[in-house]
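input05.cif, holding mmCIF, C-alpha atoms:
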```
data_query
#
loop_
_atom_site.group_PDB
_atom_site.id
_atom_site.type_symbol
_atom_site.label_atom_id
_atom_site.label_comp_id
_atom_site.auth_asym_id
_atom_site.auth_seq_id
_atom_site.Cartn_x
_atom_site.Cartn_y
_atom_site.Cartn_z
ATOM 1 C CA LEU A 1 13.140 6.400 -32.751
ATOM 2 C CA LEU A 2 14.726 2.956 -32.237
ATOM 3 C CA GLY A 3 13.933 3.185 -28.525
ATOM 4 C CA GLN A 4 10.291 4.237 -28.722
ATOM 5 C CA GLU A 5 7.231 2.130 -27.996
ATOM 6 C CA PRO A 6 5.728 2.103 -31.535
ATOM 7 C CA LEU A 7 8.818 0.357 -32.931
ATOM 8 C CA PHE A 8 8.586 -2.518 -30.461
ATOM 9 C CA LEU A 9 4.811 -2.694 -30.776
ATOM 10 C CA LEU A 10 5.326 -3.152 -34.523
ATOM 11 C CA LEU A 11 8.135 -5.638 -33.919
ATOM 12 C CA ALA A 12 5.920 -7.821 -31.684
ATOM 13 C CA PRO A 13 3.393 -8.672 -34.440
ATOM 14 C CA ILE A 14 6.240 -9.307 -36.895
ATOM 15 C CA LEU A 15 7.599 -11.883 -34.445
ATOM 16 C CA PHE A 16 4.042 -13.201 -34.044
ATOM 17 C CA TRP A 17 3.708 -13.652 -37.816
ATOM 18 C CA CYS A 18 7.209 -14.886 -38.688
ATOM 19 C CA VAL A 19 8.963 -16.433 -35.679
ATOM 20 C CA ARG A 20 6.508 -17.814 -33.109
ATOM 21 C CA LYS A 21 3.189 -16.480 -31.938
ATOM 22 C CA ARG A 22 3.869 -16.915 -28.237
ATOM 23 C CA PHE A 23 7.260 -15.246 -28.550
ATOM 24 C CA GLY A 24 5.709 -12.196 -30.192
ATOM 25 C CA LEU A 25 3.191 -11.986 -27.378
ATOM 26 C CA ARG A 26 5.943 -12.287 -24.769
ATOM 27 C CA VAL A 27 7.805 -9.371 -26.344
ATOM 28 C CA ALA A 28 4.623 -7.288 -26.143
ATOM 29 C CA GLY A 29 4.334 -8.267 -22.485
ATOM 30 C CA LEU A 30 7.920 -7.224 -21.873
ATOM 31 C CA VAL A 31 7.223 -3.794 -23.350
ATOM 32 C CA VAL A 32 4.271 -3.308 -21.003
ATOM 33 C CA ALA A 33 6.146 -4.627 -17.948
ATOM 34 C CA THR A 34 9.235 -2.483 -18.396
ATOM 35 C CA LEU A 35 7.106 0.623 -19.016
ATOM 36 C CA CYS A 36 5.277 -0.030 -15.736
ATOM 37 C CA VAL A 37 8.592 -0.227 -13.897
ATOM 38 C CA ASN A 38 9.882 2.874 -15.661
ATOM 39 C CA GLU A 39 6.799 4.964 -14.896
ATOM 40 C CA ALA A 40 6.874 3.879 -11.247
ATOM 41 C CA LEU A 41 10.548 4.818 -10.870
ATOM 42 C CA LYS A 42 10.028 8.158 -12.586
ATOM 43 C CA ALA A 43 7.123 9.027 -10.290
ATOM 44 C CA TRP A 44 9.153 7.982 -7.236
ATOM 45 C CA VAL A 45 12.368 9.885 -8.082
ATOM 46 C CA ALA A 46 10.612 12.848 -9.806
ATOM 47 C CA GLU A 47 13.765 14.243 -11.389
ATOM 48 C CA PRO A 48 13.126 17.165 -13.817
ATOM 49 C CA ARG A 49 14.505 17.026 -17.339
ATOM 50 C CA PRO A 50 17.946 18.646 -17.690
ATOM 51 C CA PHE A 51 16.727 21.326 -20.098
ATOM 52 C CA LEU A 52 14.237 22.461 -17.443
ATOM 53 C CA VAL A 53 16.986 22.877 -14.850
ATOM 54 C CA HIS A 54 19.932 24.205 -16.865
ATOM 55 C CA ALA A 55 19.345 27.097 -19.246
ATOM 56 C CA ALA A 56 22.468 26.173 -21.226
ATOM 57 C CA ILE A 57 20.922 22.838 -22.270
ATOM 58 C CA GLN A 58 18.593 23.076 -25.236
ATOM 59 C CA ALA A 59 16.341 20.091 -25.916
ATOM 60 C CA LYS A 60 16.405 19.061 -29.576
ATOM 61 C CA VAL A 61 13.215 16.971 -29.352
ATOM 62 C CA LEU A 62 9.974 17.137 -27.398
ATOM 63 C CA ALA A 63 10.111 15.215 -24.118
ATOM 64 C CA ARG A 64 7.465 15.087 -21.390
ATOM 65 C CA GLY A 65 7.460 13.675 -17.886
ATOM 66 C CA TYR A 66 10.316 13.070 -15.505
ATOM 67 C CA SER A 67 13.883 12.243 -16.438
ATOM 68 C CA PHE A 68 15.085 9.320 -14.267
ATOM 69 C CA PRO A 69 15.451 6.638 -15.534
ATOM 70 C CA SER A 70 15.442 6.974 -19.310
ATOM 71 C CA GLY A 71 12.498 5.099 -20.787
ATOM 72 C CA HIS A 72 14.176 4.791 -24.198
ATOM 73 C CA ALA A 73 17.324 3.275 -22.703
ATOM 74 C CA GLN A 74 15.360 0.966 -20.413
ATOM 75 C CA LEU A 75 13.035 -0.256 -23.160
ATOM 76 C CA SER A 76 15.966 -0.953 -25.485
ATOM 77 C CA ALA A 77 17.921 -2.758 -22.762
ATOM 78 C CA THR A 78 14.867 -4.896 -21.975
ATOM 79 C CA VAL A 79 13.839 -6.028 -25.442
ATOM 80 C CA TRP A 80 17.057 -6.305 -27.454
ATOM 81 C CA PRO A 81 18.792 -8.792 -25.080
ATOM 82 C CA VAL A 82 15.721 -11.053 -25.215
ATOM 83 C CA LEU A 83 15.751 -10.904 -29.011
ATOM 84 C CA ALA A 84 19.484 -11.631 -29.011
ATOM 85 C CA ALA A 85 19.014 -14.633 -26.721
ATOM 86 C CA ARG A 86 16.329 -15.945 -29.070
ATOM 87 C CA ALA A 87 18.439 -15.365 -32.198
ATOM 88 C CA GLY A 88 21.501 -17.071 -30.698
ATOM 89 C CA ARG A 89 23.885 -15.329 -33.111
ATOM 90 C CA ARG A 90 26.984 -13.419 -32.085
ATOM 91 C CA TRP A 91 26.517 -10.760 -34.748
ATOM 92 C CA PHE A 92 22.958 -10.118 -33.547
ATOM 93 C CA THR A 93 24.124 -9.887 -29.938
ATOM 94 C CA ALA A 94 26.765 -7.351 -30.991
ATOM 95 C CA LEU A 95 24.159 -5.399 -32.965
ATOM 96 C CA ALA A 96 21.833 -5.365 -29.958
ATOM 97 C CA GLY A 97 24.632 -3.968 -27.775
ATOM 98 C CA VAL A 98 25.375 -1.242 -30.316
ATOM 99 C CA LEU A 99 21.696 -0.276 -30.552
ATOM 100 C CA ILE A 100 21.312 -0.068 -26.766
ATOM 101 C CA ALA A 101 24.422 2.141 -26.479
ATOM 102 C CA ALA A 102 23.388 4.310 -29.435
ATOM 103 C CA VAL A 103 19.874 4.910 -28.095
ATOM 104 C CA ALA A 104 21.278 5.810 -24.670
ATOM 105 C CA PHE A 105 23.832 8.219 -26.165
ATOM 106 C CA SER A 106 21.186 9.864 -28.341
ATOM 107 C CA ARG A 107 19.015 10.748 -25.338
ATOM 108 C CA VAL A 108 21.894 12.637 -23.710
ATOM 109 C CA TYR A 109 22.919 14.261 -26.997
ATOM 110 C CA LEU A 110 19.351 15.452 -27.569
ATOM 111 C CA GLY A 111 19.378 17.165 -24.182
ATOM 112 C CA VAL A 112 16.463 15.270 -22.629
ATOM 113 C CA HIS A 113 18.406 13.073 -20.163
ATOM 114 C CA TYR A 114 21.436 13.149 -17.896
ATOM 115 C CA PRO A 115 24.107 10.442 -18.343
ATOM 116 C CA HIS A 116 23.024 8.815 -15.079
ATOM 117 C CA ASP A 117 19.449 8.593 -16.413
ATOM 118 C CA VAL A 118 20.441 6.429 -19.370
ATOM 119 C CA ALA A 119 22.905 4.387 -17.292
ATOM 120 C CA ALA A 120 20.143 3.582 -14.795
ATOM 121 C CA GLY A 121 17.742 2.841 -17.649
ATOM 122 C CA ILE A 122 20.151 0.270 -19.099
ATOM 123 C CA VAL A 123 20.686 -1.405 -15.714
ATOM 124 C CA VAL A 124 16.965 -1.573 -14.936
ATOM 125 C CA GLY A 125 16.163 -2.790 -18.450
ATOM 126 C CA LEU A 126 18.702 -5.595 -18.221
ATOM 127 C CA LEU A 127 17.314 -6.601 -14.827
ATOM 128 C CA VAL A 128 13.754 -6.719 -16.187
ATOM 129 C CA ALA A 129 14.917 -8.839 -19.129
ATOM 130 C CA ALA A 130 16.876 -11.210 -16.880
ATOM 131 C CA LEU A 131 13.982 -11.587 -14.436
ATOM 132 C CA ALA A 132 11.532 -12.216 -17.272
ATOM 133 C CA MET A 133 13.684 -14.934 -18.833
ATOM 134 C CA ALA A 134 14.367 -16.550 -15.446
ATOM 135 C CA ALA A 135 10.677 -16.483 -14.497
ATOM 136 C CA GLU A 136 9.679 -18.021 -17.824
ATOM 137 C CA ALA A 137 12.231 -20.818 -17.442
ATOM 138 C CA ARG A 138 10.958 -21.637 -13.952
ATOM 139 C CA LEU A 139 7.221 -21.242 -14.514
ATOM 140 C CA ARG A 140 6.839 -23.151 -17.745
ATOM 141 C CA PRO A 141 7.810 -26.598 -16.330
ATOM 142 C CA LEU A 142 5.632 -26.009 -13.257
ATOM 143 C CA LEU A 143 2.518 -24.697 -14.989
ATOM 144 C CA GLY A 144 2.690 -26.315 -18.402
ATOM 145 C CA PRO A 145 2.516 -24.425 -21.697
ATOM 146 C CA ARG A 146 -1.182 -23.495 -21.647
ATOM 147 C CA ARG A 147 -1.296 -22.261 -18.057
ATOM 148 C CA ALA A 148 1.959 -20.363 -18.535
ATOM 149 C CA GLU A 149 0.536 -18.558 -21.557
ATOM 150 C CA ALA A 150 -2.716 -17.813 -19.717
ATOM 151 C CA LEU A 151 -0.644 -16.332 -16.892
ATOM 152 C CA LEU A 152 1.232 -14.263 -19.461
ATOM 153 C CA VAL A 153 -2.021 -12.835 -20.806
ATOM 154 C CA LEU A 154 -3.237 -12.041 -17.283
ATOM 155 C CA GLY A 155 0.096 -10.412 -16.524
ATOM 156 C CA ILE A 156 -0.116 -8.232 -19.627
ATOM 157 C CA ALA A 157 -3.655 -7.194 -18.721
ATOM 158 C CA GLY A 158 -2.722 -6.410 -15.115
ATOM 159 C CA ALA A 159 0.357 -4.426 -16.035
ATOM 160 C CA ALA A 160 -1.535 -2.556 -18.718
ATOM 161 C CA ALA A 161 -4.231 -1.677 -16.179
ATOM 162 C CA LEU A 162 -1.546 -0.048 -14.012
ATOM 163 C CA LEU A 163 -0.567 2.116 -16.955
ATOM 164 C CA ALA A 164 -4.179 3.193 -17.424
ATOM 165 C CA ALA A 165 -3.818 5.645 -14.532
ATOM 166 C CA LEU A 166 -1.290 7.599 -16.596
ATOM 167 C CA ILE A 167 -3.504 8.715 -19.480
ATOM 168 C CA GLU A 168 -0.891 9.912 -21.909
ATOM 169 C CA ARG A 169 -0.737 9.293 -25.620
ATOM 170 C CA ASP A 170 2.055 6.703 -25.592
ATOM 171 C CA VAL A 171 0.535 4.930 -22.606
ATOM 172 C CA LEU A 172 -2.825 4.636 -24.367
ATOM 173 C CA LEU A 173 -1.078 3.086 -27.356
ATOM 174 C CA VAL A 174 0.711 0.475 -25.238
ATOM 175 C CA LEU A 175 -2.298 -0.217 -23.026
ATOM 176 C CA GLY A 176 -4.850 -0.674 -25.794
ATOM 177 C CA GLY A 177 -2.473 -2.519 -28.101
ATOM 178 C CA ALA A 178 -1.388 -5.011 -25.431
ATOM 179 C CA LEU A 179 -4.917 -5.712 -24.228
ATOM 180 C CA GLY A 180 -6.240 -6.125 -27.773
ATOM 181 C CA ALA A 181 -3.338 -8.346 -28.835
ATOM 182 C CA SER A 182 -3.785 -10.620 -25.808
ATOM 183 C CA GLY A 183 -7.507 -11.030 -26.375
ATOM 184 C CA GLY A 184 -7.029 -11.468 -30.106
ATOM 185 C CA TRP A 185 -4.480 -14.227 -29.542
ATOM 186 C CA LEU A 186 -6.804 -16.143 -27.212
ATOM 187 C CA LEU A 187 -9.569 -16.002 -29.839
ATOM 188 C CA GLU A 188 -7.164 -16.847 -32.640
ATOM 189 C CA GLU A 189 -5.951 -19.989 -30.891
ATOM 190 C CA ARG A 190 -9.548 -21.125 -30.351
ATOM 191 C CA LEU A 191 -11.050 -20.176 -33.730
ATOM 192 C CA LEU A 192 -8.151 -20.352 -36.159
ATOM 193 C CA ALA A 193 -4.913 -21.771 -34.699
ATOM 194 C CA ALA A 194 -2.882 -20.357 -37.598
ATOM 195 C CA ARG A 195 0.489 -21.913 -38.309
ATOM 196 C CA LEU A 196 3.377 -20.455 -40.263
ATOM 197 C CA VAL A 197 4.103 -21.122 -43.888
ATOM 198 C CA ARG A 198 7.885 -21.365 -43.754
ATOM 199 C CA GLY A 199 10.329 -19.631 -46.031
ATOM 200 C CA PRO A 200 11.780 -16.137 -46.412
ATOM 201 C CA ARG A 201 9.393 -15.220 -49.220
ATOM 202 C CA ALA A 202 6.250 -16.001 -47.214
ATOM 203 C CA CYS A 203 7.693 -14.169 -44.198
ATOM 204 C CA ALA A 204 8.519 -11.096 -46.299
ATOM 205 C CA GLU A 205 5.010 -11.109 -47.773
ATOM 206 C CA ARG A 206 3.445 -11.290 -44.317
ATOM 207 C CA ILE A 207 5.588 -8.429 -43.037
ATOM 208 C CA LEU A 208 4.879 -6.263 -46.086
ATOM 209 C CA LEU A 209 1.124 -6.856 -46.094
ATOM 210 C CA GLY A 210 0.552 -6.935 -42.348
ATOM 211 C CA GLY A 211 2.880 -4.023 -41.636
ATOM 212 C CA THR A 212 1.192 -1.912 -44.302
ATOM 213 C CA LEU A 213 -2.279 -2.627 -42.931
ATOM 214 C CA LEU A 214 -1.368 -2.013 -39.298
ATOM 215 C CA GLY A 215 0.720 1.046 -40.169
ATOM 216 C CA ALA A 216 -2.136 2.619 -42.117
ATOM 217 C CA ALA A 217 -4.572 1.853 -39.292
ATOM 218 C CA TYR A 218 -2.190 3.349 -36.709
ATOM 219 C CA LEU A 219 -1.761 6.555 -38.713
ATOM 220 C CA ALA A 220 -5.526 6.847 -39.136
ATOM 221 C CA ILE A 221 -6.119 6.401 -35.400
ATOM 222 C CA ASP A 222 -3.326 8.820 -34.524
ATOM 223 C CA ARG A 223 -4.765 11.458 -36.849
ATOM 224 C CA TRP A 224 -8.473 11.013 -36.147
ATOM 225 C CA ALA A 225 -8.921 9.831 -32.554
ATOM 226 C CA GLY A 226 -6.632 12.285 -30.780
ATOM 227 C CA PRO A 227 -5.465 11.734 -27.191
ATOM 228 C CA GLY A 228 -8.986 11.247 -25.806
ATOM 229 C CA ALA A 229 -10.646 8.183 -24.338
ATOM 230 C CA LEU A 230 -11.753 7.014 -27.801
ATOM 231 C CA ALA A 231 -8.128 6.185 -28.623
ATOM 232 C CA LEU A 232 -8.045 3.339 -26.080
ATOM 233 C CA PRO A 233 -10.645 1.038 -27.692
ATOM 234 C CA LEU A 234 -9.298 1.890 -31.145
ATOM 235 C CA TYR A 235 -5.783 0.836 -30.138
ATOM 236 C CA ALA A 236 -7.285 -2.324 -28.620
ATOM 237 C CA LEU A 237 -8.869 -3.077 -31.995
ATOM 238 C CA LEU A 238 -5.485 -2.467 -33.598
ATOM 239 C CA GLY A 239 -3.860 -4.987 -31.255
ATOM 240 C CA GLY A 240 -6.628 -7.507 -31.913
ATOM 241 C CA ALA A 241 -6.185 -7.031 -35.650
ATOM 242 C CA ALA A 242 -2.492 -7.909 -35.323
ATOM 243 C CA THR A 243 -3.131 -11.254 -33.627
ATOM 244 C CA LEU A 244 -6.518 -12.250 -35.063
ATOM 245 C CA GLY A 245 -7.590 -10.228 -38.105
ATOM 246 C CA VAL A 246 -4.289 -10.187 -39.967
ATOM 247 C CA PRO A 247 -3.545 -13.927 -39.363
ATOM 248 C CA TRP A 248 -7.057 -14.714 -40.655
ATOM 249 C CA LEU A 249 -6.245 -12.746 -43.811
ATOM 250 C CA PHE A 250 -2.920 -14.577 -44.113
ATOM 251 C CA VAL A 251 -4.762 -17.911 -43.961
ATOM 252 C CA ARG A 252 -7.161 -16.804 -46.685
ATOM 253 C CA LEU A 253 -4.212 -15.780 -48.864
ATOM 254 C CA GLY A 254 -2.234 -18.950 -48.188
ATOM 255 C CA LEU A 255 0.484 -17.154 -46.207
ATOM 256 C CA MET A 256 -0.445 -19.202 -43.122
ATOM 257 C CA THR A 257 -2.266 -22.468 -42.585
ATOM 258 C CA ALA A 258 -5.116 -23.093 -40.140
ATOM 259 C CA ASP A 259 -5.590 -26.078 -37.842
ATOM 260 C CA ARG A 260 -9.261 -25.149 -37.521
ATOM 261 C CA GLY A 261 -11.729 -22.487 -38.611
ATOM 262 C CA ALA A 262 -11.110 -20.532 -41.827
ATOM 263 C CA PRO A 263 -10.073 -22.649 -44.824
ATOM 264 C CA CYS A 264 -6.841 -22.094 -46.694
ATOM 265 C CA SER A 265 -6.720 -20.976 -50.286
ATOM 266 C CA PRO A 266 -4.830 -23.179 -52.757
ATOM 267 C CA LEU A 267 -1.824 -20.909 -52.269
ATOM 268 C CA GLY A 268 -1.472 -22.408 -48.797
ATOM 269 C CA GLN A 269 -0.102 -25.591 -50.378
ATOM 270 C CA ARG A 270 3.348 -23.933 -50.591
ATOM 271 C CA GLY A 271 4.180 -25.571 -47.289
ATOM 272 C CA SER A 272 3.477 -25.254 -43.573
ATOM 273 C CA SER A 273 5.163 -25.682 -40.248
#
```

Turn this file's structure into structure tokens for me.
Amino acid sequence: LLGQEPLFLLLAPILFWCVRKRFGLRVAGLVVATLCVNEALKAWVAEPRPFLVHAAIQAKVLARGYSFPSGHAQLSATVWPVLAARAGRRWFTALAGVLIAAVAFSRVYLGVHYPHDVAAGIVVGLLVAALAMAAEARLRPLLGPRRAEALLVLGIAGAAALLAALIERDVLLVLGGALGASGGWLLEERLLAARLVRGPRACAERILLGGTLLGAAYLAIDRWAGPGALALPLYALLGGAATLGVPWLFVRLGLMTADRGAPCSPLGQRGSS
């Protein structure tokens, strides 16, 4: 479960609410980008799952699609190094390495991947992470902050559009969530421009409240919408809620401050960035 898309799609808004809005959006973009690469490689290699080839291997979990490379391993190896680079702590870097190795091992243990699938997933994931960080470092001085972020949003939208051809449940979640979050952020910057109220207590309150709201909405969509076309706009609304609706609520409750738009409640006087 620590290598699946919903975890990282929940992690992205937490980063948006508690670390830096643009960083949370970049993590969401990384999830979309690495899934595009993974789906393209799987379609190109077209390797069947090991439990479909060898009768002695019994899959312990449900797994669809092709086997090479492992999406769980690749997603973990893409996101966790970027988080570790941002954290800049040795213990977090060590934890990220353990999580990547543990997710990769679990996919082989569960019978849904060969060892070379997870090894390739780790290599590809690390390459995607390295290319993303290198591209960001080069583009930002050339384009400036605003143009770089606009390019990021366009990149997320373009990559998500590529995933739209693969109408599967997880793809719909990533596609709609990324598109909605990108659009919500653009509106939020124009209408609200929310800024963090610093401190561990305010961060914990944002995570508890925002995570509860988004989690309940996700479960409702998952239960009611099904895998049909209706799920796509609903997931887009969910993504928009993470970057626009929930920050607006935080401003009203004093858990964030606003440079423009919605006024803060008196609770917002606890401090701001």

Find the residues near A:Ala43: any atom within 10 Å, counting all atoms listed in the file, skip ones fewer than 6 places away on the same chain, and give them as a short mmCIF file (atom, residue, chain, number, x, y, z; two decimals) with C-alpha atoms, in the coordinates of the input.
```
data_model
loop_
_atom_site.label_atom_id
_atom_site.label_comp_id
_atom_site.auth_asym_id
_atom_site.auth_seq_id
_atom_site.Cartn_x
_atom_site.Cartn_y
_atom_site.Cartn_z
CA GLY A 65 7.46 13.68 -17.89
CA TYR A 66 10.32 13.07 -15.50
CA SER A 67 13.88 12.24 -16.44
CA PHE A 68 15.08 9.32 -14.27
#
```

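Interatomic distance, atom CA of A:Ser106 against atom CA of A:Val27: 23.5 Å.
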
*So how far away is atom CA of A:Gly245 from atom CA of A:Gly211, in Å?*
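Atom-to-atom, atom CA of A:Gly211 to atom CA of A:Gly245, that is 12.7 Å.
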
*Using all atoms listed in the file: which of A:Ala236, A:Val103, A:Ala55, A:Leu83 has the shortest distance to A:Gly3*: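 Of A:Ala236, A:Val103, A:Ala55, A:Leu83, the one nearest A:Gly3 is A:Val103, counting all atoms listed in the file.
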
*Between A:Ala102, A:Cys18, A:Leu9, A:Val82, which is the closest to A:Val128 once you count only C-alpha atoms?*
A:Val82

*Looking at all atoms listed in the file, which of A:Cys203, A:Val19, A:Met133, A:Cys36 is the one that sits closest to A:Ala85?*
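So, comparing all the options, the nearest one is A:Met133.
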
*Take the PyMOL selection byres ((chain A and resi 60) around 9), apply it to the structure above, and return the hits as a VMD selection string.*
chain A and resid 58 to 59 61 to 62 109 to 112

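In this structure, atom CA of A:Ala242 sits 6.0 Å away from atom CA of A:Pro13.
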
*Could you give me, as a ChimeraX atom specification, the residues within 12 Å of A:Ala217, counting all atoms listed in the file and dropping anything in the same chain fewer than 6 positions from it?*
/A:210-211,223-225,234-239,241-242

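With all atoms listed in the file as the atoms that count, the minimum distance from A:Leu10 to the choices A:Ile207, A:Leu41, A:Val246, A:Ala258 is reached by A:Ile207.
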
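With all atoms listed in the file as the atoms that count, the residue of A:Ala202, A:Ala101, A:Leu219, A:Leu196 with the shortest distance to A:Arg20 is A:Leu196.
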
N, CA and C atoms modelled onto stretch 39-54 of chain A, as a PDB file, in the frame of the given file:
```
ATOM      1  N   GLU A  39       7.699   3.909 -15.371  1.00  0.00           N
ATOM      2  CA  GLU A  39       6.799   4.964 -14.896  1.00  0.00           C
ATOM      3  C   GLU A  39       6.786   5.036 -13.376  1.00  0.00           C
ATOM      4  N   ALA A  40       6.852   3.881 -12.714  1.00  0.00           N
ATOM      5  CA  ALA A  40       6.874   3.879 -11.247  1.00  0.00           C
ATOM      6  C   ALA A  40       8.143   4.534 -10.718  1.00  0.00           C
ATOM      7  N   LEU A  41       9.287   4.219 -11.310  1.00  0.00           N
ATOM      8  CA  LEU A  41      10.548   4.818 -10.870  1.00  0.00           C
ATOM      9  C   LEU A  41      10.575   6.317 -11.133  1.00  0.00           C
ATOM     10  N   LYS A  42      10.062   6.731 -12.282  1.00  0.00           N
ATOM     11  CA  LYS A  42      10.028   8.158 -12.586  1.00  0.00           C
ATOM     12  C   LYS A  42       9.165   8.918 -11.581  1.00  0.00           C
ATOM     13  N   ALA A  43       7.997   8.363 -11.254  1.00  0.00           N
ATOM     14  CA  ALA A  43       7.123   9.027 -10.290  1.00  0.00           C
ATOM     15  C   ALA A  43       7.751   9.071  -8.905  1.00  0.00           C
ATOM     16  N   TRP A  44       8.522   8.048  -8.557  1.00  0.00           N
ATOM     17  CA  TRP A  44       9.153   7.982  -7.236  1.00  0.00           C
ATOM     18  C   TRP A  44      10.307   8.972  -7.124  1.00  0.00           C
ATOM     19  N   VAL A  45      11.187   9.012  -8.138  1.00  0.00           N
ATOM     20  CA  VAL A  45      12.368   9.885  -8.082  1.00  0.00           C
ATOM     21  C   VAL A  45      11.987  11.332  -8.417  1.00  0.00           C
ATOM     22  N   ALA A  46      11.118  11.519  -9.413  1.00  0.00           N
ATOM     23  CA  ALA A  46      10.612  12.848  -9.806  1.00  0.00           C
ATOM     24  C   ALA A  46      11.742  13.821 -10.144  1.00  0.00           C
ATOM     25  N   GLU A  47      12.654  13.380 -10.976  1.00  0.00           N
ATOM     26  CA  GLU A  47      13.765  14.243 -11.389  1.00  0.00           C
ATOM     27  C   GLU A  47      13.371  15.034 -12.644  1.00  0.00           C
ATOM     28  N   PRO A  48      13.471  16.372 -12.629  1.00  0.00           N
ATOM     29  CA  PRO A  48      13.126  17.165 -13.817  1.00  0.00           C
ATOM     30  C   PRO A  48      14.098  16.907 -14.961  1.00  0.00           C
ATOM     31  N   ARG A  49      13.641  17.145 -16.165  1.00  0.00           N
ATOM     32  CA  ARG A  49      14.505  17.026 -17.339  1.00  0.00           C
ATOM     33  C   ARG A  49      15.633  18.051 -17.258  1.00  0.00           C
ATOM     34  N   PRO A  50      16.807  17.712 -17.804  1.00  0.00           N
ATOM     35  CA  PRO A  50      17.946  18.646 -17.690  1.00  0.00           C
ATOM     36  C   PRO A  50      17.710  19.999 -18.339  1.00  0.00           C
ATOM     37  N   PHE A  51      16.957  20.049 -19.438  1.00  0.00           N
ATOM     38  CA  PHE A  51      16.727  21.326 -20.098  1.00  0.00           C
ATOM     39  C   PHE A  51      15.790  22.232 -19.296  1.00  0.00           C
ATOM     40  N   LEU A  52      15.078  21.652 -18.323  1.00  0.00           N
ATOM     41  CA  LEU A  52      14.237  22.461 -17.443  1.00  0.00           C
ATOM     42  C   LEU A  52      15.015  23.041 -16.274  1.00  0.00           C
ATOM     43  N   VAL A  53      16.176  22.460 -15.998  1.00  0.00           N
ATOM     44  CA  VAL A  53      16.986  22.877 -14.850  1.00  0.00           C
ATOM     45  C   VAL A  53      18.122  23.787 -15.274  1.00  0.00           C
ATOM     46  N   HIS A  54      18.747  23.474 -16.409  1.00  0.00           N
ATOM     47  CA  HIS A  54      19.932  24.205 -16.865  1.00  0.00           C
ATOM     48  C   HIS A  54      19.598  24.951 -18.147  1.00  0.00           C
TER      49      HIS A  54
END
```
